[in-house]
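Everything on this sheet refers to the single structure shown next.
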Amino acid sequence: MTHQLKPTRLFPAESSAGLEIRLARGPAEIAASQALRHRVFFDEMGAAPSPEAARAGLDTDPWDEHCDHLLALADGVVVGTYRLIDRRAALRVGGFYSAAEFDISPLLREPGEILELGRSCVDRDWRNRGTLQLLWRGLAEVIARRDVKLLFGCASLPGTDPDTLAPMLTYLHDHHLAPLPTRGRALPHRACPLRRPAVNYDPRQMPHALPPLLKGYLKAGAGIGAGAVVDHEFNTTDVLVALRTEAMTARHQRRYEAKAACDWTAARAWATIAT
C-alpha cells in the first residue's frame with residue numbers, strides 16, 4: 001500500500017447495516033476483493049476465467065500487487081471494491097491496465113497526478129445506490145488527498161456484439177465524446193467504431209439504458225474516447241472514460257455540499273454521482 005485512507009464508518013440509506021470504507025490493509029483483504037470480483041465477473045456476468053483463476057476462485061492480474069484496493073466492508077466482510085492505479089503503481093508494473101485496449105498517450109501527457117479506476121463491483125446482496133455512493137465517497141477522499149487531476153479507465157457495456165450495442169455506442173459518440181486533450185483512442189487492431197450513421201435512437205431514453213456505473217461517470221462530466229473494444233474474456237464491450245476532477249458538474253457539487261460538511265475540494269461531487 002502506498003497511501004493510507006482514514007477508515008470511515010458510514011450508513012447508506014438503502015442498507016440495513018453500516019459499511020466501513022477504507023483501503024485494503026494486507027494480502028488477506030486483497031484476496032477477499034479478488035474473490036468478490038471472481039463471483040461478480042465470472043459467476044454472474046459470464047466472463048471466461050483462466051484455468052488458474054477458476055481453480056483459485058480469484059480474479060487476479062499483475063496490477064493487483066502494485067495498486068490500492070478501495071473496499072466497502074460489512075462487519076469485516078468485503079462487499080464492494082474499486083481498484084486504483086496511480087502513476088507510481090503503473091510504473092512498477094509497466095503501464096496502465098487500459099493501455100492494453102486504448103492509446104492513452106493524451107492522458108499520460110496531462111500534468112499532475114492521474115488515477116485509473118477499474119475492477120469496480122459490489123456483492124449482489126449489497127448492490128444498491130447507497131453502497132455505490134459510499135465507494136465513491138471513499139474515492140472522493142483519495143482524489144482530494146492525492147490531488148488527483150484526472151480520472152480515467154475502461155467502462156463496460158454488457159455483451160460482445162457491437163451491432164446490438166450500436167444505439168448506445170452511437171449515443172455516446174454523439175453526446176459524450178471527450179475533448180481532444182483527454183480523448184484516448186481504441187488501439188487500431190482492437191477498435192470497433194462508436195458511431196453507426198444508420199442507427200436510430202431516442203436520446204432522451206438512451207441514458208436510462210446505460211449501465212449504472214457508466215451513467216454515473218457521465219453525470220459527473222466524464223467524456224468518452226474514440227472507438228470501443230470488444231473484450232471477449234470479460235464478455236463486455238469497453239469504452240474509455242476520462243474526467244478532469246475540476247470539471248465535475250456544479251450541480252453535483254452543490255448537492256454534495258448540502259449533504260456533507262467535508263474539506264474535500266474538486267472531488268466533492270464524486271460521492272453523489274449515483275443519484
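Just remember, in the C-alpha cells the first chain shown is A, the second B, etc., residues are 1-based per chain, and ligands are 1-based in the order shown.
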
Legend entry - Residue contacts of range 181-188 of chain A (8 Å, only C-alpha atoms) excluding same-chain residues fewer than 2 positions away, as a list of chain:residue names: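 Counting only the stated atoms, we get A:Glu101, A:Phe102, A:Asp103, A:Ile104, A:Ser105, A:Pro106, A:Leu107, A:Leu177, A:Ala178, A:Pro179, A:Arg190, A:Ala191, A:Cys192, A:Gly223, A:Ile224, A:Gly225, A:Ala226, A:Gly227, A:Ala228, A:Val229, A:Leu240, A:Ala242, A:Leu243.
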
Inset, instruction - Any chance you could list, as a PyMOL selection string, the residues in range 20-269 of chain A that come up strand (DSSP E) when DSSP is run on the backbone? - result: chain A and resi 20-23+68-74+77-86+102-103+113-122+148-158+185-186+191-192+223-224+228-231+236-244

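Counting only C-alpha atoms and comparing A:Trp126, A:Tyr97, A:Tyr171, A:Trp63, the residue that lies closest to Ala209 in chain A is A:Tyr171.
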
Inset, instruction - Choose the residue, out of A:Pro49, A:Pro111, A:Gly94, A:Gly57, that has the smallest atom-to-atom separation from Arg244 in chain A; count only C-alpha atoms. - result: A:Pro111

Inset, instruction - Pull the alpha helix (DSSP H) assignments for range 2-117 of chain A out of DSSP run on the backbone, and list those residues as a list in words. - result: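 So the alpha helix (DSSP H) residues in range 2-117 of chain A would be Pro27, Ala28, Glu29, Ile30, Ala31, Ala32, Ser33, Gln34, Ala35, Leu36, Arg37, His38, Pro51, Glu52, Ala53, Ala54, Arg55, Ala56, Arg87, Arg88, Ala89, Ala90, Leu91, Arg92, Val93, Ser105, Pro106, Leu107 and Leu108 of chain A.
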
Inset, instruction - Rank nothing, just name the residue among A:Ala24, A:Leu172, A:Leu194, A:Cys154 nearest to Ala100 in chain A, using only C-alpha atoms. - result: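 Using only C-alpha atoms, the shortest distance to Ala100 in chain A belongs to A:Cys154.
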
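Using only C-alpha atoms, the protein and nucleic acid residues lying no more than 12 Å from Met206 in chain A, apart from those fewer than 6 places from it along its own chain, are A:Leu165, A:Ala166, A:Pro167, A:Met168, A:Leu169, A:Thr170, A:Tyr171, A:Leu172, A:Asp174, A:His175, A:Asn200, A:Lys215.
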
Output of the above residues as a PDB file, in the first residue's frame, restricted to C-alpha atoms:
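out-v2.pdb written:
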ATOM      1  CA  LEU A 165     -24.910  -2.194 -28.733  1.00  0.00           C
ATOM      2  CA  ALA A 166     -24.897   0.245 -31.675  1.00  0.00           C
ATOM      3  CA  PRO A 167     -27.604   2.582 -30.265  1.00  0.00           C
ATOM      4  CA  MET A 168     -25.684   3.039 -27.008  1.00  0.00           C
ATOM      5  CA  LEU A 169     -22.313   3.390 -28.735  1.00  0.00           C
ATOM      6  CA  THR A 170     -23.681   5.914 -31.223  1.00  0.00           C
ATOM      7  CA  TYR A 171     -25.344   7.885 -28.432  1.00  0.00           C
ATOM      8  CA  LEU A 172     -22.040   8.037 -26.530  1.00  0.00           C
ATOM      9  CA  ASP A 174     -22.892  11.932 -30.420  1.00  0.00           C
ATOM     10  CA  HIS A 175     -23.358  13.288 -26.899  1.00  0.00           C
ATOM     11  CA  ASN A 200     -31.675   5.456 -34.784  1.00  0.00           C
ATOM     12  CA  LYS A 215     -24.129   6.587 -16.344  1.00  0.00           C
TER      13      LYS A 215
END

Inset, instruction - Could you tell me which of A:Ala74, A:Thr160, A:Glu113, A:Asp64 comes closest to Arg145 in chain A if we count only C-alpha atoms? - result: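 Going through A:Ala74, A:Thr160, A:Glu113, A:Asp64 one by one, the smallest distance to Arg145 in chain A is for A:Glu113.
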
Inset, instruction - Tell me which of A:Val148, A:Ala35, A:Ile85, A:Ala48 sits closest to Thr236 in chain A, counting only C-alpha atoms. - result: A:Ala48

Inset, instruction - Rank nothing, just name the residue among A:Asp238, A:Glu20, A:Asp59, A:Asp86 nearest to Arg137 in chain A, using only C-alpha atoms. - result: A:Glu20

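With CA of Ala220 in chain A on one side and CA of Arg124 in chain A on the other, the separation reads 24.6 Å.
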